[in-house]
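See below for upload.txt, which holds compact mmCIF, C-alpha atoms (C1' of nucleotides).
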```
# COMPACT_ATOMS: atom_id res chain seq x y z
CA MET A 1 -110.82 18.62 -37.18
CA LEU A 2 -110.86 21.77 -35.12
CA ARG A 3 -107.20 22.30 -34.45
CA GLU A 4 -105.87 25.28 -36.27
CA LYS A 5 -104.17 27.11 -33.45
CA GLY A 6 -101.42 28.19 -35.75
CA GLN A 7 -99.94 24.79 -36.52
CA ARG A 8 -99.94 22.87 -39.73
CA PHE A 9 -102.13 19.89 -40.15
CA SER A 10 -100.35 16.73 -41.16
CA LYS A 11 -101.54 13.19 -41.44
CA ILE A 12 -99.61 12.12 -38.36
CA ARG A 13 -101.04 14.93 -36.28
CA ARG A 14 -104.51 14.03 -37.41
CA GLU A 15 -103.94 10.43 -36.43
CA MET A 16 -102.48 11.42 -33.09
CA ALA A 17 -105.44 13.65 -32.36
CA LEU A 18 -107.77 10.79 -33.15
CA VAL A 19 -105.84 8.43 -30.94
CA VAL A 20 -105.75 10.67 -27.90
CA LEU A 21 -109.40 11.60 -28.28
CA GLU A 22 -110.33 7.94 -28.20
CA ILE A 23 -108.08 6.92 -25.34
CA ARG A 24 -110.08 6.92 -22.18
CA ARG A 25 -107.33 6.35 -19.69
CA HIS A 26 -104.31 8.44 -18.87
CA PHE A 27 -101.46 7.90 -21.26
CA ASN A 28 -97.85 8.76 -21.93
CA ALA A 29 -95.87 9.27 -25.11
CA ASP A 30 -95.14 5.60 -25.52
CA ASP A 31 -98.80 4.64 -25.22
CA VAL A 32 -99.64 6.92 -28.11
CA PHE A 33 -96.70 5.63 -30.09
CA ARG A 34 -97.71 2.01 -29.66
CA GLU A 35 -101.31 2.75 -30.51
CA LEU A 36 -100.22 4.49 -33.71
CA ARG A 37 -98.22 1.45 -34.74
CA ARG A 38 -101.12 -0.82 -33.89
CA ARG A 39 -103.20 1.21 -36.30
CA ASN A 40 -100.52 0.86 -38.94
CA VAL A 41 -99.97 4.56 -39.23
CA ARG A 42 -96.95 3.97 -41.35
CA GLY A 43 -93.71 4.70 -39.62
CA ALA A 44 -95.05 6.98 -36.94
CA HIS A 45 -91.96 7.80 -34.98
CA LEU A 46 -91.60 8.21 -31.23
CA ALA A 47 -89.73 11.48 -31.70
CA THR A 48 -92.68 12.84 -33.62
CA VAL A 49 -95.02 11.84 -30.84
CA TYR A 50 -92.87 13.72 -28.36
CA ARG A 51 -92.83 16.72 -30.66
CA THR A 52 -96.56 16.66 -31.21
CA LEU A 53 -97.86 16.13 -27.68
CA PRO A 54 -97.05 19.71 -26.61
CA LEU A 55 -98.91 20.96 -29.67
CA LEU A 56 -101.99 19.03 -28.68
CA VAL A 57 -101.73 20.54 -25.23
CA GLN A 58 -101.53 24.00 -26.73
CA ALA A 59 -104.52 23.24 -28.89
CA GLY A 60 -106.50 22.35 -25.79
CA ILE A 61 -107.02 18.73 -26.75
CA ILE A 62 -105.00 17.13 -23.98
CA GLN A 63 -103.43 18.20 -20.72
CA PRO A 64 -100.72 16.87 -18.42
CA ALA A 65 -101.95 14.79 -15.50
CA LEU A 66 -100.95 12.43 -12.71
CA PHE A 67 -97.91 14.28 -11.47
CA SER A 68 -97.48 12.38 -8.28
CA SER A 69 -97.12 9.10 -10.11
CA GLY A 70 -93.40 9.53 -10.44
CA GLU A 71 -91.24 10.03 -13.49
CA ARG A 72 -93.21 9.56 -16.62
CA THR A 73 -95.14 12.41 -18.11
CA PHE A 74 -98.78 11.49 -18.35
CA TYR A 75 -101.58 13.16 -20.22
CA GLU A 76 -105.32 12.94 -20.42
CA THR A 77 -107.90 14.23 -22.84
CA SER A 78 -109.15 17.69 -21.98
CA PHE A 79 -111.31 18.38 -25.01
CA GLU A 80 -114.93 18.77 -24.01
CA ARG A 81 -114.36 17.36 -20.58
CA PRO A 82 -115.26 19.14 -17.37
CA HIS A 83 -112.51 19.98 -14.94
CA HIS A 84 -111.69 17.31 -12.38
CA ASP A 85 -108.96 16.10 -10.07
CA HIS A 86 -107.74 12.63 -9.21
CA LEU A 87 -108.03 10.16 -6.41
CA ILE A 88 -105.46 7.45 -6.83
CA CYS A 89 -105.19 4.08 -5.12
CA THR A 90 -101.64 3.37 -4.04
CA GLY A 91 -102.47 -0.32 -3.91
CA CYS A 92 -103.89 -1.13 -7.33
CA GLY A 93 -103.41 2.09 -9.25
CA LEU A 94 -107.13 2.73 -9.65
CA VAL A 95 -107.79 6.34 -10.66
CA VAL A 96 -111.05 7.99 -9.73
CA GLU A 97 -111.89 11.46 -10.97
CA PHE A 98 -113.62 13.88 -8.67
CA GLU A 99 -114.75 17.46 -8.66
CA LEU A 100 -115.83 19.51 -5.70
CA GLU A 101 -116.98 23.06 -6.13
CA ALA A 102 -116.22 23.85 -2.51
CA ILE A 103 -112.57 22.96 -2.90
CA GLU A 104 -112.26 24.97 -6.07
CA ARG A 105 -113.65 27.98 -4.29
CA LEU A 106 -111.28 27.59 -1.38
CA GLN A 107 -108.36 27.32 -3.75
CA HIS A 108 -109.23 30.64 -5.28
CA ASP A 109 -109.63 32.12 -1.83
CA VAL A 110 -106.21 30.95 -0.78
CA ALA A 111 -104.63 32.31 -3.93
CA ARG A 112 -106.35 35.66 -3.60
CA CYS A 113 -105.27 35.81 0.03
CA HIS A 114 -101.67 35.77 -1.11
CA GLY A 115 -102.18 38.17 -3.97
CA PHE A 116 -102.11 35.45 -6.61
CA GLU A 117 -104.29 35.12 -9.66
CA LEU A 118 -104.95 31.40 -9.90
CA THR A 119 -104.55 29.87 -13.35
CA ARG A 120 -104.17 26.14 -12.77
CA HIS A 121 -103.86 23.66 -9.98
CA PHE A 122 -102.74 20.12 -9.39
CA HIS A 123 -104.60 18.20 -6.82
CA GLU A 124 -104.12 14.50 -6.33
CA LEU A 125 -105.35 12.46 -3.41
CA LEU A 126 -103.51 9.23 -2.69
CA GLY A 127 -104.89 6.47 -0.58
CA GLU A 128 -106.16 2.93 -0.55
CA CYS A 129 -109.40 2.02 -2.27
CA GLY A 130 -112.06 -0.15 -0.70
CA SER A 131 -111.04 -3.39 -2.40
CA CYS A 132 -107.40 -2.99 -1.52
CA ARG A 133 -108.25 -2.22 2.07
CA SER A 134 -110.37 -5.34 2.48
CA ALA A 135 -107.76 -7.43 0.65
CA SER A 136 -104.94 -6.42 2.98
CA PRO A 137 -105.87 -5.70 6.59
CA MET B 138 -78.56 13.27 15.51
CA LEU B 139 -81.88 11.57 15.70
CA ARG B 140 -81.78 9.33 12.71
CA GLU B 141 -81.52 5.72 13.63
CA LYS B 142 -84.34 4.23 11.63
CA GLY B 143 -82.33 1.13 10.93
CA GLN B 144 -79.60 2.74 8.82
CA ARG B 145 -75.98 3.17 9.60
CA PHE B 146 -74.67 6.54 10.47
CA SER B 147 -71.78 7.69 8.34
CA LYS B 148 -70.03 11.00 8.12
CA ILE B 149 -71.52 11.74 4.73
CA ARG B 150 -75.04 11.01 5.94
CA ARG B 151 -74.50 13.23 8.90
CA GLU B 152 -73.31 16.03 6.66
CA MET B 153 -76.20 15.52 4.28
CA ALA B 154 -78.69 15.67 7.12
CA LEU B 155 -77.13 18.92 8.32
CA VAL B 156 -77.27 20.38 4.84
CA VAL B 157 -80.91 19.57 4.16
CA LEU B 158 -81.97 20.74 7.60
CA GLU B 159 -80.39 24.10 6.95
CA ILE B 160 -81.65 24.56 3.44
CA ARG B 161 -84.75 26.68 3.54
CA ARG B 162 -85.80 26.41 -0.06
CA HIS B 163 -86.82 23.41 -2.06
CA PHE B 164 -83.89 21.51 -3.42
CA ASN B 165 -82.87 18.66 -5.66
CA ALA B 166 -80.03 16.15 -5.58
CA ASP B 167 -77.63 18.46 -7.32
CA ASP B 168 -78.28 21.31 -4.88
CA VAL B 169 -77.29 19.07 -2.02
CA PHE B 170 -74.27 17.83 -3.90
CA ARG B 171 -73.01 21.33 -4.65
CA GLU B 172 -73.58 22.44 -1.08
CA LEU B 173 -71.58 19.47 0.19
CA ARG B 174 -68.69 20.40 -2.05
CA ARG B 175 -68.90 24.01 -0.97
CA ARG B 176 -68.49 22.80 2.58
CA ASN B 177 -65.48 20.76 1.56
CA VAL B 178 -67.01 17.47 2.64
CA ARG B 179 -64.23 15.59 1.00
CA GLY B 180 -65.21 13.86 -2.17
CA ALA B 181 -68.91 13.68 -1.51
CA HIS B 182 -70.20 11.97 -4.61
CA LEU B 183 -73.40 12.66 -6.51
CA ALA B 184 -74.24 8.96 -6.57
CA THR B 185 -74.08 8.92 -2.81
CA VAL B 186 -76.43 11.86 -2.62
CA TYR B 187 -78.88 10.02 -4.81
CA ARG B 188 -78.51 6.96 -2.63
CA THR B 189 -78.97 8.87 0.59
CA LEU B 190 -81.91 11.11 -0.25
CA PRO B 191 -84.43 8.24 -0.04
CA LEU B 192 -83.03 7.32 3.35
CA LEU B 193 -83.61 10.82 4.62
CA VAL B 194 -87.16 10.60 3.34
CA GLN B 195 -87.65 7.33 5.16
CA ALA B 196 -86.23 8.86 8.29
CA GLY B 197 -88.83 11.61 8.09
CA ILE B 198 -86.31 14.39 7.61
CA ILE B 199 -87.26 15.41 4.10
CA GLN B 200 -90.10 14.77 1.69
CA PRO B 201 -90.64 15.06 -2.05
CA ALA B 202 -92.27 18.28 -3.20
CA LEU B 203 -93.12 20.47 -6.17
CA PHE B 204 -94.36 17.80 -8.51
CA SER B 205 -95.85 20.08 -11.08
CA SER B 206 -92.56 21.80 -11.69
CA GLY B 207 -91.60 19.34 -14.37
CA GLU B 208 -88.86 16.77 -14.52
CA ARG B 209 -86.51 17.18 -11.64
CA THR B 210 -87.22 15.59 -8.31
CA PHE B 211 -87.45 18.22 -5.62
CA TYR B 212 -87.47 17.84 -1.87
CA GLU B 213 -88.14 19.99 1.14
CA THR B 214 -87.44 19.60 4.82
CA SER B 215 -90.22 17.87 6.68
CA PHE B 216 -88.63 17.53 10.10
CA GLU B 217 -90.60 19.47 12.68
CA ARG B 218 -92.57 21.32 10.09
CA PRO B 219 -96.35 21.40 9.94
CA HIS B 220 -98.12 20.08 6.89
CA HIS B 221 -98.60 22.57 4.07
CA ASP B 222 -99.21 22.81 0.36
CA HIS B 223 -97.77 25.12 -2.28
CA LEU B 224 -98.83 28.14 -4.21
CA ILE B 225 -96.43 28.73 -7.07
CA CYS B 226 -95.99 31.76 -9.28
CA THR B 227 -95.64 30.77 -12.92
CA GLY B 228 -94.00 34.10 -13.62
CA CYS B 229 -91.11 34.30 -11.17
CA GLY B 230 -91.14 30.91 -9.51
CA LEU B 231 -92.03 32.28 -6.09
CA VAL B 232 -93.27 29.53 -3.79
CA VAL B 233 -95.69 30.32 -0.98
CA GLU B 234 -96.71 27.67 1.50
CA PHE B 235 -100.27 27.52 2.72
CA GLU B 236 -102.44 25.37 4.89
CA LEU B 237 -106.19 25.37 5.11
CA GLU B 238 -107.99 23.10 7.50
CA ALA B 239 -111.18 23.32 5.48
CA ILE B 240 -109.52 21.94 2.38
CA GLU B 241 -107.91 19.13 4.33
CA ARG B 242 -111.30 18.15 5.67
CA LEU B 243 -112.93 18.24 2.25
CA GLN B 244 -110.19 16.04 0.85
CA HIS B 245 -110.92 13.41 3.42
CA ASP B 246 -114.62 13.71 2.68
CA VAL B 247 -114.03 13.17 -1.01
CA ALA B 248 -111.84 10.15 -0.36
CA ARG B 249 -114.31 8.61 2.04
CA CYS B 250 -117.10 9.23 -0.46
CA HIS B 251 -115.31 6.93 -2.89
CA GLY B 252 -114.40 4.34 -0.30
CA PHE B 253 -110.78 5.46 -0.08
CA GLU B 254 -108.63 5.78 2.99
CA LEU B 255 -106.58 8.90 2.36
CA THR B 256 -102.88 8.64 3.10
CA ARG B 257 -101.25 11.51 1.24
CA HIS B 258 -102.09 14.26 -1.18
CA PHE B 259 -100.42 16.60 -3.62
CA HIS B 260 -101.89 19.98 -3.93
CA GLU B 261 -100.22 22.74 -5.88
CA LEU B 262 -101.83 25.96 -6.97
CA LEU B 263 -100.28 27.73 -9.93
CA GLY B 264 -100.88 31.35 -10.77
CA GLU B 265 -99.32 34.76 -11.03
CA CYS B 266 -98.21 36.59 -7.93
CA GLY B 267 -98.95 40.24 -7.28
CA SER B 268 -95.60 41.59 -8.48
CA CYS B 269 -95.69 39.61 -11.70
CA ARG B 270 -99.23 40.74 -12.39
CA SER B 271 -98.39 44.39 -12.00
CA ALA B 272 -95.20 43.97 -13.99
CA SER B 273 -96.96 42.47 -17.00
CA PRO B 274 -100.51 43.64 -17.70
C1' DA C 275 -64.50 -9.47 11.25
C1' DT C 276 -68.69 -8.62 9.08
C1' DC C 277 -71.69 -6.20 6.53
C1' DG C 278 -73.02 -2.03 4.70
C1' DA C 279 -71.61 2.58 2.51
C1' DT C 280 -68.83 5.02 -0.80
C1' DG C 281 -66.23 6.35 -5.17
C1' DC C 282 -65.95 5.70 -9.64
C1' DA C 283 -67.31 4.79 -14.08
C1' DA C 284 -70.40 3.03 -16.94
C1' DA C 285 -75.11 1.87 -18.11
C1' DG C 286 -79.90 3.09 -18.26
C1' DG C 287 -84.25 5.19 -19.83
C1' DG C 288 -87.09 8.71 -21.15
C1' DT C 289 -86.81 12.85 -23.80
C1' DT C 290 -84.70 16.15 -27.05
C1' DT C 291 -82.18 17.70 -31.09
C1' DG C 292 -79.51 18.27 -35.77
C1' DC C 293 -79.93 17.28 -40.19
C1' DA C 294 -81.48 15.69 -44.61
C1' DA C 295 -85.66 14.26 -46.92
C1' DG C 296 -90.39 14.57 -47.57
C1' DG C 297 -95.14 17.16 -46.91
C1' DT C 298 -98.16 21.22 -46.56
C1' DT C 299 -99.67 25.57 -47.75
C1' DA D 300 -91.34 27.58 -54.02
C1' DA D 301 -90.93 28.37 -49.11
C1' DC D 302 -91.25 26.62 -44.91
C1' DC D 303 -92.69 23.21 -41.67
C1' DT D 304 -92.72 18.16 -40.26
C1' DT D 305 -90.86 13.84 -40.15
C1' DG D 306 -87.53 9.98 -39.74
C1' DC D 307 -83.46 8.65 -38.08
C1' DA D 308 -79.78 8.43 -35.09
C1' DA D 309 -77.17 10.45 -31.93
C1' DA D 310 -76.94 13.38 -28.00
C1' DC D 311 -78.71 14.67 -23.46
C1' DC D 312 -79.74 14.68 -18.75
C1' DC D 313 -80.81 12.92 -14.57
C1' DT D 314 -80.63 8.83 -12.14
C1' DT D 315 -79.23 4.12 -11.11
C1' DT D 316 -76.08 0.24 -10.74
C1' DG D 317 -71.82 -3.04 -10.49
C1' DC D 318 -67.84 -3.56 -8.35
C1' DA D 319 -63.81 -3.00 -5.59
C1' DT D 320 -62.56 -0.44 -1.55
C1' DC D 321 -63.35 1.87 2.62
C1' DG D 322 -65.72 2.50 6.91
C1' DA D 323 -69.03 1.50 10.70
C1' DT D 324 -70.61 -1.62 14.23
```
I'd like the structure from this file rewritten - as structure tokens, please.
Amino acid sequence: MLREKGQRFSKIRREMALVVLEIRRHFNADDVFRELRRRNVRGAHLATVYRTLPLLVQAGIIQPALFSSGERTFYETSFERPHHDHLICTGCGLVVEFELEAIERLQHDVARCHGFELTRHFHELLGECGSCRSASP
Amino acid sequence: MLREKGQRFSKIRREMALVVLEIRRHFNADDVFRELRRRNVRGAHLATVYRTLPLLVQAGIIQPALFSSGERTFYETSFERPHHDHLICTGCGLVVEFELEAIERLQHDVARCHGFELTRHFHELLGECGSCRSASP
DNA sequence: ATCGATGCAAAGGGTTTGCAAGGTT
DNA sequence: AACCTTGCAAACCCTTTGCATCGAT
């Protein structure tokens, strides 16, 4: 695999990379840990998962996500995926990804306005999805 | 004070409300706790602060903020303040508040597009401010 | 007098760390 | 062989909770 950003390449890291690349949803450390066990990666340890996740971020394979969802640190795959933000249903937890060029442009405008050079942004819209709205008046 | 949303009104709560209304910056539970001690509010306890913060949110006096900043739960005063989002310098931690009607409108458009009814949003722009940029090439 | 709020201490849960043992280069 | 990773367990930190007491209505 393509992840020599200065780190060594162990079996566990390989397995973790495979796992996160295959996960479609957003995940946290424990999700990865449980998936590793399910695959019988012998003795994969939760501490190792915690130690490796930041490396995968650095390598550009995953990125943090879903900040508004409270405590847990969530990630999503970033490798070969276009940029997007999230629309989250507060009723059922449904996550929809969206991307709007116009918003991106305005964000840069705002930053420039204040003398900032924009590097990242977190943008999450919370609301109620159609199904939840029709379910509860 | 104007905070009878169904809760009782104790001395500690009164003091806490005063503190958070006077704080200008973003703050966490411990900031409030230390400020209470500084003011010699006798024996104000950290557990009480943790218990009271959600009540102040419910009462519309404060609101959670700065989600991308990692672990700690931060708040800011919301009482009689217009809506705004944050532009944060990753170099020095400077926080600038901004508000752009156009972005707000686009957010609602996006939500509606996907059948969502928008209730809240988190929008944080991260970058480097002017001083930090000139300090480090 | 009743019911909720507080102090205290202890538990809780996710995350991090020190160290010895095992892998990678 | 040198150095990095891992497993393990213990430490950490912020936050929450149980319980007896104190305070508000």
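Straight-line separation from atom C1' of DC307 of chain D to atom C1' of DA285 of chain C: 22.7 Å.
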Would you superpose chain A on chain B, least squares on all C-alpha atoms in order, and hand back the fitted chain as an mmCIF file with C-alpha atoms, in the frame of the given file?
```
data_model
loop_
_atom_site.group_PDB
_atom_site.id
_atom_site.type_symbol
_atom_site.label_atom_id
_atom_site.label_comp_id
_atom_site.auth_asym_id
_atom_site.auth_seq_id
_atom_site.Cartn_x
_atom_site.Cartn_y
_atom_site.Cartn_z
ATOM 1 C CA MET A 1 -78.729 13.050 15.533
ATOM 2 C CA LEU A 2 -82.061 11.310 15.728
ATOM 3 C CA ARG A 3 -81.981 9.144 12.658
ATOM 4 C CA GLU A 4 -81.713 5.518 13.520
ATOM 5 C CA LYS A 5 -84.552 4.112 11.481
ATOM 6 C CA GLY A 6 -82.553 1.033 10.742
ATOM 7 C CA GLN A 7 -79.791 2.614 8.689
ATOM 8 C CA ARG A 8 -76.168 3.043 9.512
ATOM 9 C CA PHE A 9 -74.815 6.396 10.399
ATOM 10 C CA SER A 10 -71.908 7.550 8.304
ATOM 11 C CA LYS A 11 -70.132 10.842 8.118
ATOM 12 C CA ILE A 12 -71.619 11.643 4.726
ATOM 13 C CA ARG A 13 -75.134 10.924 5.908
ATOM 14 C CA ARG A 14 -74.598 13.122 8.910
ATOM 15 C CA GLU A 15 -73.387 15.926 6.691
ATOM 16 C CA MET A 16 -76.274 15.471 4.298
ATOM 17 C CA ALA A 17 -78.760 15.582 7.139
ATOM 18 C CA LEU A 18 -77.202 18.795 8.356
ATOM 19 C CA VAL A 19 -77.307 20.309 4.910
ATOM 20 C CA VAL A 20 -80.935 19.527 4.210
ATOM 21 C CA LEU A 21 -82.009 20.652 7.662
ATOM 22 C CA GLU A 22 -80.401 24.016 7.054
ATOM 23 C CA ILE A 23 -81.655 24.533 3.527
ATOM 24 C CA ARG A 24 -84.733 26.654 3.645
ATOM 25 C CA ARG A 25 -85.795 26.431 0.052
ATOM 26 C CA HIS A 26 -86.807 23.451 -2.012
ATOM 27 C CA PHE A 27 -83.868 21.544 -3.372
ATOM 28 C CA ASN A 28 -82.876 18.708 -5.652
ATOM 29 C CA ALA A 29 -80.052 16.196 -5.561
ATOM 30 C CA ASP A 30 -77.629 18.510 -7.277
ATOM 31 C CA ASP A 31 -78.278 21.328 -4.820
ATOM 32 C CA VAL A 32 -77.307 19.064 -1.959
ATOM 33 C CA PHE A 33 -74.292 17.823 -3.855
ATOM 34 C CA ARG A 34 -73.011 21.314 -4.550
ATOM 35 C CA GLU A 35 -73.588 22.405 -0.985
ATOM 36 C CA LEU A 36 -71.607 19.415 0.274
ATOM 37 C CA ARG A 37 -68.691 20.350 -1.945
ATOM 38 C CA ARG A 38 -68.922 23.954 -0.830
ATOM 39 C CA ARG A 39 -68.519 22.711 2.712
ATOM 40 C CA ASN A 40 -65.516 20.666 1.675
ATOM 41 C CA VAL A 41 -67.067 17.407 2.702
ATOM 42 C CA ARG A 42 -64.281 15.535 1.060
ATOM 43 C CA GLY A 43 -65.276 13.790 -2.101
ATOM 44 C CA ALA A 44 -68.984 13.630 -1.465
ATOM 45 C CA HIS A 45 -70.250 11.973 -4.581
ATOM 46 C CA LEU A 46 -73.442 12.696 -6.492
ATOM 47 C CA ALA A 47 -74.296 8.998 -6.597
ATOM 48 C CA THR A 48 -74.160 8.905 -2.827
ATOM 49 C CA VAL A 49 -76.491 11.859 -2.616
ATOM 50 C CA TYR A 50 -78.967 10.059 -4.839
ATOM 51 C CA ARG A 51 -78.635 6.956 -2.705
ATOM 52 C CA THR A 52 -79.074 8.835 0.535
ATOM 53 C CA LEU A 53 -82.007 11.110 -0.275
ATOM 54 C CA PRO A 54 -84.543 8.252 -0.142
ATOM 55 C CA LEU A 55 -83.149 7.280 3.249
ATOM 56 C CA LEU A 56 -83.715 10.764 4.565
ATOM 57 C CA VAL A 57 -87.258 10.591 3.272
ATOM 58 C CA GLN A 58 -87.780 7.309 5.066
ATOM 59 C CA ALA A 59 -86.356 8.800 8.217
ATOM 60 C CA GLY A 60 -88.917 11.580 8.027
ATOM 61 C CA ILE A 61 -86.379 14.348 7.594
ATOM 62 C CA ILE A 62 -87.314 15.409 4.085
ATOM 63 C CA GLN A 63 -90.149 14.807 1.669
ATOM 64 C CA PRO A 64 -90.671 15.131 -2.076
ATOM 65 C CA ALA A 65 -92.281 18.368 -3.213
ATOM 66 C CA LEU A 66 -93.090 20.576 -6.184
ATOM 67 C CA PHE A 67 -94.315 17.910 -8.549
ATOM 68 C CA SER A 68 -95.831 20.200 -11.085
ATOM 69 C CA SER A 69 -92.540 21.944 -11.693
ATOM 70 C CA GLY A 70 -91.576 19.493 -14.376
ATOM 71 C CA GLU A 71 -88.808 16.935 -14.495
ATOM 72 C CA ARG A 72 -86.490 17.332 -11.602
ATOM 73 C CA THR A 73 -87.229 15.675 -8.319
ATOM 74 C CA PHE A 74 -87.453 18.274 -5.608
ATOM 75 C CA TYR A 75 -87.482 17.877 -1.871
ATOM 76 C CA GLU A 76 -88.127 20.000 1.154
ATOM 77 C CA THR A 77 -87.455 19.597 4.836
ATOM 78 C CA SER A 78 -90.265 17.875 6.683
ATOM 79 C CA PHE A 79 -88.678 17.509 10.100
ATOM 80 C CA GLU A 80 -90.592 19.491 12.681
ATOM 81 C CA ARG A 81 -92.524 21.405 10.097
ATOM 82 C CA PRO A 82 -96.297 21.569 9.948
ATOM 83 C CA HIS A 83 -98.042 20.234 6.891
ATOM 84 C CA HIS A 84 -98.546 22.703 4.061
ATOM 85 C CA ASP A 85 -99.133 22.927 0.339
ATOM 86 C CA HIS A 86 -97.732 25.240 -2.299
ATOM 87 C CA LEU A 87 -98.809 28.232 -4.277
ATOM 88 C CA ILE A 88 -96.423 28.805 -7.123
ATOM 89 C CA CYS A 89 -96.003 31.833 -9.361
ATOM 90 C CA THR A 90 -95.642 30.822 -12.984
ATOM 91 C CA GLY A 91 -94.035 34.171 -13.707
ATOM 92 C CA CYS A 92 -91.167 34.439 -11.242
ATOM 93 C CA GLY A 93 -91.152 31.053 -9.563
ATOM 94 C CA LEU A 94 -92.075 32.434 -6.150
ATOM 95 C CA VAL A 95 -93.288 29.661 -3.841
ATOM 96 C CA VAL A 96 -95.711 30.450 -1.062
ATOM 97 C CA GLU A 97 -96.708 27.807 1.449
ATOM 98 C CA PHE A 98 -100.274 27.624 2.629
ATOM 99 C CA GLU A 99 -102.422 25.464 4.823
ATOM 100 C CA LEU A 100 -106.175 25.435 5.035
ATOM 101 C CA GLU A 101 -107.952 23.164 7.442
ATOM 102 C CA ALA A 102 -111.136 23.334 5.407
ATOM 103 C CA ILE A 103 -109.454 21.924 2.333
ATOM 104 C CA GLU A 104 -107.829 19.156 4.303
ATOM 105 C CA ARG A 105 -111.192 18.161 5.667
ATOM 106 C CA LEU A 106 -112.785 18.142 2.246
ATOM 107 C CA GLN A 107 -109.986 15.994 0.917
ATOM 108 C CA HIS A 108 -110.675 13.388 3.535
ATOM 109 C CA ASP A 109 -114.365 13.594 2.763
ATOM 110 C CA VAL A 110 -113.771 13.000 -0.906
ATOM 111 C CA ALA A 111 -111.512 10.056 -0.201
ATOM 112 C CA ARG A 112 -113.948 8.498 2.234
ATOM 113 C CA CYS A 113 -116.728 8.995 -0.293
ATOM 114 C CA HIS A 114 -114.887 6.706 -2.667
ATOM 115 C CA GLY A 115 -113.921 4.181 -0.043
ATOM 116 C CA PHE A 116 -110.330 5.380 0.166
ATOM 117 C CA GLU A 117 -108.202 5.808 3.241
ATOM 118 C CA LEU A 118 -106.235 8.967 2.545
ATOM 119 C CA THR A 119 -102.519 8.800 3.299
ATOM 120 C CA ARG A 120 -100.961 11.675 1.375
ATOM 121 C CA HIS A 121 -101.878 14.347 -1.084
ATOM 122 C CA PHE A 122 -100.244 16.679 -3.539
ATOM 123 C CA HIS A 123 -101.807 20.017 -3.946
ATOM 124 C CA GLU A 124 -100.166 22.785 -5.897
ATOM 125 C CA LEU A 125 -101.797 25.991 -7.020
ATOM 126 C CA LEU A 126 -100.253 27.737 -10.004
ATOM 127 C CA GLY A 127 -100.885 31.315 -10.883
ATOM 128 C CA GLU A 128 -99.383 34.753 -11.151
ATOM 129 C CA CYS A 129 -98.302 36.640 -8.060
ATOM 130 C CA GLY A 130 -99.115 40.274 -7.442
ATOM 131 C CA SER A 131 -95.789 41.673 -8.628
ATOM 132 C CA CYS A 132 -95.818 39.688 -11.829
ATOM 133 C CA ARG A 133 -99.364 40.733 -12.561
ATOM 134 C CA SER A 134 -98.601 44.430 -12.172
ATOM 135 C CA ALA A 135 -95.374 44.036 -14.163
ATOM 136 C CA SER A 136 -97.109 42.499 -17.167
ATOM 137 C CA PRO A 137 -100.665 43.633 -17.862
#
```
With a cut-off of 8 Å and counting all atoms listed in the file, select all residues of chain A in contact with chain C and give the selection as a ChimeraX atom specification.
/A:8-10,50,72
Which chain A residues are at most 10 Å from chain B (counting only C-alpha atoms), as a compact mmCIF listing (two decimals) with C-alpha atoms, in the frame of the given file?
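Everything below was put into result-v9.txt:
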```
# COMPACT_ATOMS: atom_id res chain seq x y z
CA PRO A 64 -100.72 16.87 -18.42
CA ALA A 65 -101.95 14.79 -15.50
CA LEU A 66 -100.95 12.43 -12.71
CA PHE A 67 -97.91 14.28 -11.47
CA SER A 68 -97.48 12.38 -8.28
CA SER A 69 -97.12 9.10 -10.11
CA GLY A 70 -93.40 9.53 -10.44
CA GLU A 71 -91.24 10.03 -13.49
CA ARG A 72 -93.21 9.56 -16.62
CA THR A 73 -95.14 12.41 -18.11
CA HIS A 86 -107.74 12.63 -9.21
CA LEU A 87 -108.03 10.16 -6.41
CA ILE A 88 -105.46 7.45 -6.83
CA CYS A 89 -105.19 4.08 -5.12
CA THR A 90 -101.64 3.37 -4.04
CA VAL A 96 -111.05 7.99 -9.73
CA GLU A 97 -111.89 11.46 -10.97
CA PHE A 98 -113.62 13.88 -8.67
CA GLU A 99 -114.75 17.46 -8.66
CA LEU A 100 -115.83 19.51 -5.70
CA ALA A 102 -116.22 23.85 -2.51
CA ILE A 103 -112.57 22.96 -2.90
CA GLU A 104 -112.26 24.97 -6.07
CA ARG A 105 -113.65 27.98 -4.29
CA LEU A 106 -111.28 27.59 -1.38
CA GLN A 107 -108.36 27.32 -3.75
CA HIS A 108 -109.23 30.64 -5.28
CA VAL A 110 -106.21 30.95 -0.78
CA ALA A 111 -104.63 32.31 -3.93
CA ARG A 112 -106.35 35.66 -3.60
CA HIS A 114 -101.67 35.77 -1.11
CA GLY A 115 -102.18 38.17 -3.97
CA PHE A 116 -102.11 35.45 -6.61
CA GLU A 117 -104.29 35.12 -9.66
CA LEU A 118 -104.95 31.40 -9.90
CA THR A 119 -104.55 29.87 -13.35
CA ARG A 120 -104.17 26.14 -12.77
CA HIS A 121 -103.86 23.66 -9.98
CA PHE A 122 -102.74 20.12 -9.39
CA HIS A 123 -104.60 18.20 -6.82
CA GLU A 124 -104.12 14.50 -6.33
CA LEU A 125 -105.35 12.46 -3.41
CA LEU A 126 -103.51 9.23 -2.69
CA GLY A 127 -104.89 6.47 -0.58
CA GLU A 128 -106.16 2.93 -0.55
CA CYS A 129 -109.40 2.02 -2.27
CA GLY A 130 -112.06 -0.15 -0.70
CA SER A 131 -111.04 -3.39 -2.40
CA CYS A 132 -107.40 -2.99 -1.52
CA ARG A 133 -108.25 -2.22 2.07
```
With a cut-off of 8 Å and counting all atoms listed in the file, select all residues of chain D in contact with chain B and give the selection as a PyMOL selection string.
chain D and resi 313-314+323
Under the rule that only C-alpha atoms are counted, which of B:Glu238, B:Cys250, B:Val169, B:Glu213 is the nearest residue to Thr189 of chain B?
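The answer is B:Val169, which sits nearest to Thr189 of chain B.
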